[in-house]
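See below for the structure under consideration.
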Amino acid sequence: MLTKHKGIIKMKIGQKIKEIREEKDLKQVAVLDNQGQISQIEKGVKIKRPKEATLRIIAKKLDMSFEELIEGTDWSPRDKSKGQFVISPASYEFKIDDSGFISCLNSTFPKYNKNGDLTEFCPHTGEKLIANCTNCGREIEDSDYAYCIGCGTKLTDKWAIPENLNNLITPESLTDFGFCTENLDRLMAYSSDVVVWYNTLKECTSHEDWVNKINKGWVSRIGNSFRMPRIREGKFEIDKKHELNGMLFEIQLCSKVEKKLRKTLTHLTNTEETKTSSDKIYEGLFNTMQNLINENVTTMQNASFMIASFQGKDRDAYTETNRKLIETNEKSISKLADLLKSFDPDGDHSEIEQKLKSIKSEKISETQNSDEKISEDGNSETDAAENADRNNKNAENKKDKESKNE
Ligand SMILES: [Zn+2]
């Protein structure tokens with residue numbers, strides 16, 4: 001009936017209860033009014049690790065302390081620690097969802113660590129952790145209990161999320177770069193105000209001290225976004241503790257909101273950059289097409305004026321030059337229109353950029369060629385045929401390339 005534990009031989013808790021009970025000549029129901037339960041505890045098969053509360057009852061009936069009862073046994077708090085929590089009075093866990101809703105709970109910790117040691121102080125604020133309801137003494141059994149399940153008493157001070165901080169997290173500020181930046185600036189100003197007030201009040205030792213610091217302008221230099229803590233005469237210690245806790249809540253909330261806004265900003269910046277680069281390409285395509293259309297319109301308008309001043313062969317050559325220019329432009333315009341239609345903002349733009357370049361250089365070389373040919377010999381018919389032929393070939397090559405790429 002002995003169990004070896006870390007080199008020390010320990011007695012099973014059930015066995016110890018049974019021995020002491022029999023020594024005192026008590027019946028099982030005399031130490032616990034649940035016959036089945038005490039029987040299971042003593043046998044130590046179905047109930048190997050009785051609850052602390054149960055053991056305390058048994059210890060009392062055996063006329064000994066709880067500590068004396070568990071001494072030298074295999075029972076340890078670690079074994080019953082699951083489902084017991086301690087609440088930090090001033091450390092909070094915030095959650096901000098995608099719509100900007102902020103929820104808040106006090107931080108909780110398991111009552112015992114893995115070594116079975118009691119968790120007594122908050123690792124974030126250094127304050128004594130709350131293990132029991134202040135009203136009925138009931139232990140806290142869940143990590144998100146805000147009220148005692150035994151009597152309904154609030155387990156900790158509850159703070160409302162300040163409206164001005166809630167307003168900084170809006171659907172707009174979570175999707176718009178400008179709103180987000182502006183609200184982050186406001187938040188930083190606000191949170192630095194709170195920190196100054198917090199530190200000022202924390203250092204104060206009396207109501208007089210507090211009034212002096214305000215009057216001496218210790219805190220007058222800071223902005224008006226945060227209300228001044230309310231410290232009543234004669235209630236200094238109570239008000240100081242209350243206000244400090246409230247500010248500690250807001251400081252932690254500010255830090256959470258800041259993280260959310262900064263994360264949003266990073267996300268929006270990345271999106272903006274991608275958008276800009278694809279926008280540029282789209283604009284490039286559109287502007288090139290627009291310029292070609294404008295050029296054609298101008299060419300046709302000018303032609304109607306100029307044509308009257310030319311005669312015979314010159315007139316034919318001039319007309320032909322314009323006709324070719326317009327024709328070349330129209331081909332480019334139709335290619336650009338196709339590119340615009342196929343433009344995918346999230347897609348790979350290198351191919352589209354390549355096509356755009358080739359359309360530009362094609363247009364330039366054709367315009368230059370036709371100018372040269374005309375100035376050299378004015379043989380427009382040959383020119384026109386050659387250009388038409390080359391355009392067809394280019395168009396075919398393009399089609400080949402496109403079909404290969406697909
Ligand atoms: Zn209670």
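Labels used: A, B, ... for chains in the order of the structure tokens, numbers from 1 for residues in each chain, and numbers from 1 for ligands as shown.
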With a cut-off of 10 Å, could you pull out the residues of chain A touching ligand 1 and give me the nearest pair of atoms for each, distance in Å to one decimal, using only C-alpha atoms and all ligand atoms, ordered by chain and ascending number, as CSV?
```
residue,atom,partner,partner_atom_place_in_ligand_line,distance
A:Asn132,CA,ligand 1,1 (Zn),7.7
A:Cys133,CA,ligand 1,1 (Zn),4.5
A:Thr134,CA,ligand 1,1 (Zn),6.5
A:Asn135,CA,ligand 1,1 (Zn),4.9
A:Cys136,CA,ligand 1,1 (Zn),3.9
A:Gly137,CA,ligand 1,1 (Zn),5.8
A:Arg138,CA,ligand 1,1 (Zn),5.4
A:Glu139,CA,ligand 1,1 (Zn),8.3
A:Ile140,CA,ligand 1,1 (Zn),9.1
A:Tyr147,CA,ligand 1,1 (Zn),7.9
A:Cys148,CA,ligand 1,1 (Zn),4.6
A:Ile149,CA,ligand 1,1 (Zn),6.5
A:Gly150,CA,ligand 1,1 (Zn),4.7
A:Cys151,CA,ligand 1,1 (Zn),4.1
A:Gly152,CA,ligand 1,1 (Zn),6.0
A:Thr153,CA,ligand 1,1 (Zn),5.5
A:Lys154,CA,ligand 1,1 (Zn),8.2
A:Leu155,CA,ligand 1,1 (Zn),8.1
```
- So which residues touch A:Phe109 within 8 Å, counting only C-alpha atoms, skipping near sequence neighbours fewer than 3 positions away, as a ChimeraX atom specification? /A:85-88,119,143
- Task: Go through stretch 115-304 of chain A and collect every residue that DSSP, computed from the backbone, puts in alpha helix (DSSP H); the answer should be as JSON, numbers by chain.
- Result: {"A": [163, 164, 165, 166, 177, 178, 179, 180, 181, 182, 183, 184, 185, 186, 187, 188, 189, 190, 191, 192, 193, 194, 195, 196, 197, 198, 199, 200, 201, 202, 203, 207, 208, 209, 210, 211, 212, 213, 214, 215, 236, 237, 238, 239, 240, 241, 242, 243, 244, 245, 246, 247, 248, 249, 250, 251, 252, 253, 254, 255, 256, 257, 258, 259, 260, 261, 262, 263, 264, 265, 266, 267, 268, 269, 270, 271, 272, 273, 274, 275, 276, 277, 278, 279, 280, 281, 282, 283, 284, 285, 286, 287, 288, 289, 290, 291, 292, 293, 294, 295, 296, 297, 298, 299, 300, 301, 302, 303, 304]}
Go ahead and write the selection's residues with C-alpha atoms as a short mmCIF file (atom, residue, chain, number, x, y, z; two decimals), in the first residue's frame.
```
data_model
loop_
_atom_site.label_atom_id
_atom_site.label_comp_id
_atom_site.auth_asym_id
_atom_site.auth_seq_id
_atom_site.Cartn_x
_atom_site.Cartn_y
_atom_site.Cartn_z
CA GLU A 163 -16.12 55.40 -25.94
CA ASN A 164 -13.30 57.48 -27.39
CA LEU A 165 -11.06 54.39 -27.57
CA ASN A 166 -13.88 52.28 -28.98
CA PHE A 177 -5.15 53.91 -44.67
CA GLY A 178 -6.00 57.57 -43.88
CA PHE A 179 -8.47 56.79 -41.11
CA CYS A 180 -6.12 54.24 -39.62
CA THR A 181 -3.15 56.65 -39.51
CA GLU A 182 -5.27 59.45 -38.06
CA ASN A 183 -6.74 57.22 -35.35
CA LEU A 184 -3.32 55.84 -34.47
CA ASP A 185 -2.07 59.42 -33.93
CA ARG A 186 -5.07 60.15 -31.69
CA LEU A 187 -4.49 56.97 -29.76
CA MET A 188 -0.82 57.74 -29.14
CA ALA A 189 -1.68 61.21 -27.85
CA TYR A 190 -4.37 59.79 -25.58
CA SER A 191 -2.29 56.94 -24.19
CA SER A 192 0.66 59.20 -23.41
CA ASP A 193 -1.78 61.44 -21.46
CA VAL A 194 -3.01 58.48 -19.45
CA VAL A 195 0.55 57.38 -18.69
CA VAL A 196 1.46 60.88 -17.40
CA TRP A 197 -1.65 61.00 -15.17
CA TYR A 198 -0.96 57.48 -13.95
CA ASN A 199 2.64 58.18 -12.99
CA THR A 200 1.74 61.50 -11.36
CA LEU A 201 -1.00 59.99 -9.21
CA LYS A 202 1.08 56.93 -8.37
CA GLU A 203 3.77 59.13 -6.82
CA HIS A 207 -4.68 64.48 -1.22
CA GLU A 208 -2.69 67.63 -0.45
CA ASP A 209 0.25 66.29 -2.44
CA TRP A 210 -2.11 65.57 -5.35
CA VAL A 211 -3.66 69.06 -5.30
CA ASN A 212 -0.18 70.63 -5.11
CA LYS A 213 1.04 68.68 -8.12
CA ILE A 214 -1.99 69.75 -10.19
CA ASN A 215 -1.62 73.37 -9.06
CA PHE A 236 -7.40 59.61 -1.01
CA GLU A 237 -6.32 55.98 -0.65
CA ILE A 238 -9.61 54.53 -1.95
CA ASP A 239 -9.82 56.94 -4.89
CA LYS A 240 -6.13 56.60 -5.70
CA LYS A 241 -6.37 52.81 -5.90
CA HIS A 242 -9.57 52.99 -7.94
CA GLU A 243 -8.25 55.58 -10.40
CA LEU A 244 -4.89 53.83 -10.77
CA ASN A 245 -6.64 50.55 -11.56
CA GLY A 246 -8.89 52.29 -14.08
CA MET A 247 -5.89 53.91 -15.75
CA LEU A 248 -4.00 50.63 -15.75
CA PHE A 249 -6.97 49.16 -17.57
CA GLU A 250 -6.89 51.96 -20.16
CA ILE A 251 -3.11 51.72 -20.63
CA GLN A 252 -3.42 48.02 -21.39
CA LEU A 253 -6.38 48.67 -23.69
CA CYS A 254 -4.43 51.42 -25.53
CA SER A 255 -1.57 49.00 -26.06
CA LYS A 256 -3.95 46.41 -27.52
CA VAL A 257 -5.68 48.98 -29.77
CA GLU A 258 -2.26 50.27 -30.89
CA LYS A 259 -1.19 46.76 -31.87
CA LYS A 260 -4.42 46.29 -33.82
CA LEU A 261 -4.06 49.61 -35.67
CA ARG A 262 -0.36 49.05 -36.44
CA LYS A 263 -1.10 45.58 -37.75
CA THR A 264 -3.91 47.02 -39.89
CA LEU A 265 -1.59 49.76 -41.14
CA THR A 266 1.06 47.24 -42.20
CA HIS A 267 -1.59 45.24 -44.00
CA LEU A 268 -3.06 48.33 -45.71
CA THR A 269 0.41 49.58 -46.72
CA ASN A 270 1.19 46.29 -48.42
CA THR A 271 -2.17 46.33 -50.20
CA GLU A 272 -1.60 49.96 -51.27
CA GLU A 273 1.78 49.12 -52.80
CA THR A 274 0.41 46.24 -54.83
CA LYS A 275 -2.49 48.39 -55.93
CA THR A 276 -0.16 51.20 -56.98
CA SER A 277 2.07 48.99 -59.08
CA SER A 278 -0.85 47.36 -60.92
CA ASP A 279 -2.57 50.74 -61.22
CA LYS A 280 0.53 52.17 -62.88
CA ILE A 281 0.53 49.45 -65.51
CA TYR A 282 -3.18 49.85 -66.14
CA GLU A 283 -2.71 53.61 -66.44
CA GLY A 284 0.20 53.05 -68.82
CA LEU A 285 -1.95 50.88 -71.06
CA PHE A 286 -4.87 53.28 -70.94
CA ASN A 287 -2.80 56.43 -71.52
CA THR A 288 -0.92 54.93 -74.47
CA MET A 289 -4.22 53.97 -76.04
CA GLN A 290 -5.70 57.40 -75.33
CA ASN A 291 -2.68 59.12 -76.91
CA LEU A 292 -2.99 57.02 -80.06
CA ILE A 293 -6.69 57.84 -80.33
CA ASN A 294 -5.94 61.54 -79.87
CA GLU A 295 -3.18 61.35 -82.47
CA ASN A 296 -5.57 59.84 -84.99
CA VAL A 297 -8.19 62.48 -84.33
CA THR A 298 -5.60 65.27 -84.75
CA THR A 299 -4.18 63.69 -87.90
CA MET A 300 -7.61 63.53 -89.51
CA GLN A 301 -8.49 67.08 -88.52
CA ASN A 302 -5.16 68.44 -89.81
CA ALA A 303 -5.43 66.41 -93.00
CA SER A 304 -8.67 68.07 -93.98
#
```
- Nearest to A:Ala30: which of A:Lys60, A:Lys341, A:Lys158, A:Arg49 is it, counting only C-alpha atoms?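 For A:Ala30, the nearest of the given residues is A:Lys60.
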- Message: Write out as a ChimeraX atom specification the set of residues from stretch 77-168 of chain A that DSSP, computed on the backbone, places in strand (DSSP E).
- Response: /A:85-96,102-110
Selection export as a PDB file, in the first residue's frame, atoms kept: C-alpha atoms:
```pdb
ATOM      1  CA  PHE A  85      -8.135  29.425 -11.365  1.00  0.00           C
ATOM      2  CA  VAL A  86      -6.966  32.642  -9.837  1.00  0.00           C
ATOM      3  CA  ILE A  87      -7.933  36.021 -11.264  1.00  0.00           C
ATOM      4  CA  SER A  88      -5.647  38.996 -11.657  1.00  0.00           C
ATOM      5  CA  PRO A  89      -7.351  42.112 -10.283  1.00  0.00           C
ATOM      6  CA  ALA A  90      -5.768  44.491 -12.812  1.00  0.00           C
ATOM      7  CA  SER A  91      -4.350  42.562 -15.750  1.00  0.00           C
ATOM      8  CA  TYR A  92      -6.639  42.125 -18.736  1.00  0.00           C
ATOM      9  CA  GLU A  93      -6.992  40.117 -21.894  1.00  0.00           C
ATOM     10  CA  PHE A  94      -8.598  42.084 -24.724  1.00  0.00           C
ATOM     11  CA  LYS A  95      -9.986  40.786 -27.949  1.00  0.00           C
ATOM     12  CA  ILE A  96     -10.768  42.987 -30.937  1.00  0.00           C
ATOM     13  CA  ILE A 102     -13.672  45.028 -28.136  1.00  0.00           C
ATOM     14  CA  SER A 103     -14.225  42.418 -25.432  1.00  0.00           C
ATOM     15  CA  CYS A 104     -12.326  42.170 -22.193  1.00  0.00           C
ATOM     16  CA  LEU A 105     -11.710  39.705 -19.368  1.00  0.00           C
ATOM     17  CA  ASN A 106      -9.386  39.828 -16.391  1.00  0.00           C
ATOM     18  CA  SER A 107      -6.287  37.690 -16.886  1.00  0.00           C
ATOM     19  CA  THR A 108      -6.520  34.321 -15.156  1.00  0.00           C
ATOM     20  CA  PHE A 109      -3.927  31.757 -14.223  1.00  0.00           C
ATOM     21  CA  PRO A 110      -4.169  28.147 -13.067  1.00  0.00           C
TER      22      PRO A 110
END
```
- atom CA of A:Ile231 to atom CA of A:Ser206, distance in Å rounded to a single decimal: 9.8 Å
- Å distance separating atom CA of A:Tyr112 from atom CA of A:Ala53, one decimal place: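 It comes out at 15.5 Å.
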- Selection: 12 Å around A:Ala59, only C-alpha atoms, excl. self and same-chain fewer than 6 positions, as a list in words: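 Near A:Ala59, the qualifying residues are Ile13, Lys16, Ile17, Lys18, Ile20, Arg21, Ala30, Val31, Leu32, Glu52, Ala53, Ser65, Phe66, Glu67, Glu68, Leu69, Ile70 and Glu71 of chain A.
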Same residues, C-alpha atoms, output as a PDB file, in the first residue's frame:
```
ATOM      1  CA  ILE A  13      -4.213   9.476   1.253  1.00  0.00           C
ATOM      2  CA  LYS A  16      -4.059   7.350   5.980  1.00  0.00           C
ATOM      3  CA  ILE A  17      -7.712   8.409   6.399  1.00  0.00           C
ATOM      4  CA  LYS A  18      -8.737   4.803   7.022  1.00  0.00           C
ATOM      5  CA  ILE A  20      -6.732   7.399  11.567  1.00  0.00           C
ATOM      6  CA  ARG A  21     -10.506   6.781  11.384  1.00  0.00           C
ATOM      7  CA  ALA A  30     -18.857   9.789  10.718  1.00  0.00           C
ATOM      8  CA  VAL A  31     -16.069  11.409   8.679  1.00  0.00           C
ATOM      9  CA  LEU A  32     -18.060  11.994   5.488  1.00  0.00           C
ATOM     10  CA  GLU A  52      -9.245  19.652  -1.252  1.00  0.00           C
ATOM     11  CA  ALA A  53     -12.691  20.696   0.009  1.00  0.00           C
ATOM     12  CA  SER A  65      -5.880  20.128  10.300  1.00  0.00           C
ATOM     13  CA  PHE A  66      -5.958  19.672   6.545  1.00  0.00           C
ATOM     14  CA  GLU A  67      -2.182  20.073   6.447  1.00  0.00           C
ATOM     15  CA  GLU A  68      -1.721  17.365   9.092  1.00  0.00           C
ATOM     16  CA  LEU A  69      -3.990  15.043   7.119  1.00  0.00           C
ATOM     17  CA  ILE A  70      -2.125  15.347   3.833  1.00  0.00           C
ATOM     18  CA  GLU A  71       1.330  15.304   5.430  1.00  0.00           C
TER      19      GLU A  71
END
```
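Straight-line separation from atom CA of A:Asn34 to atom CA of A:Leu118: 29.1 Å.
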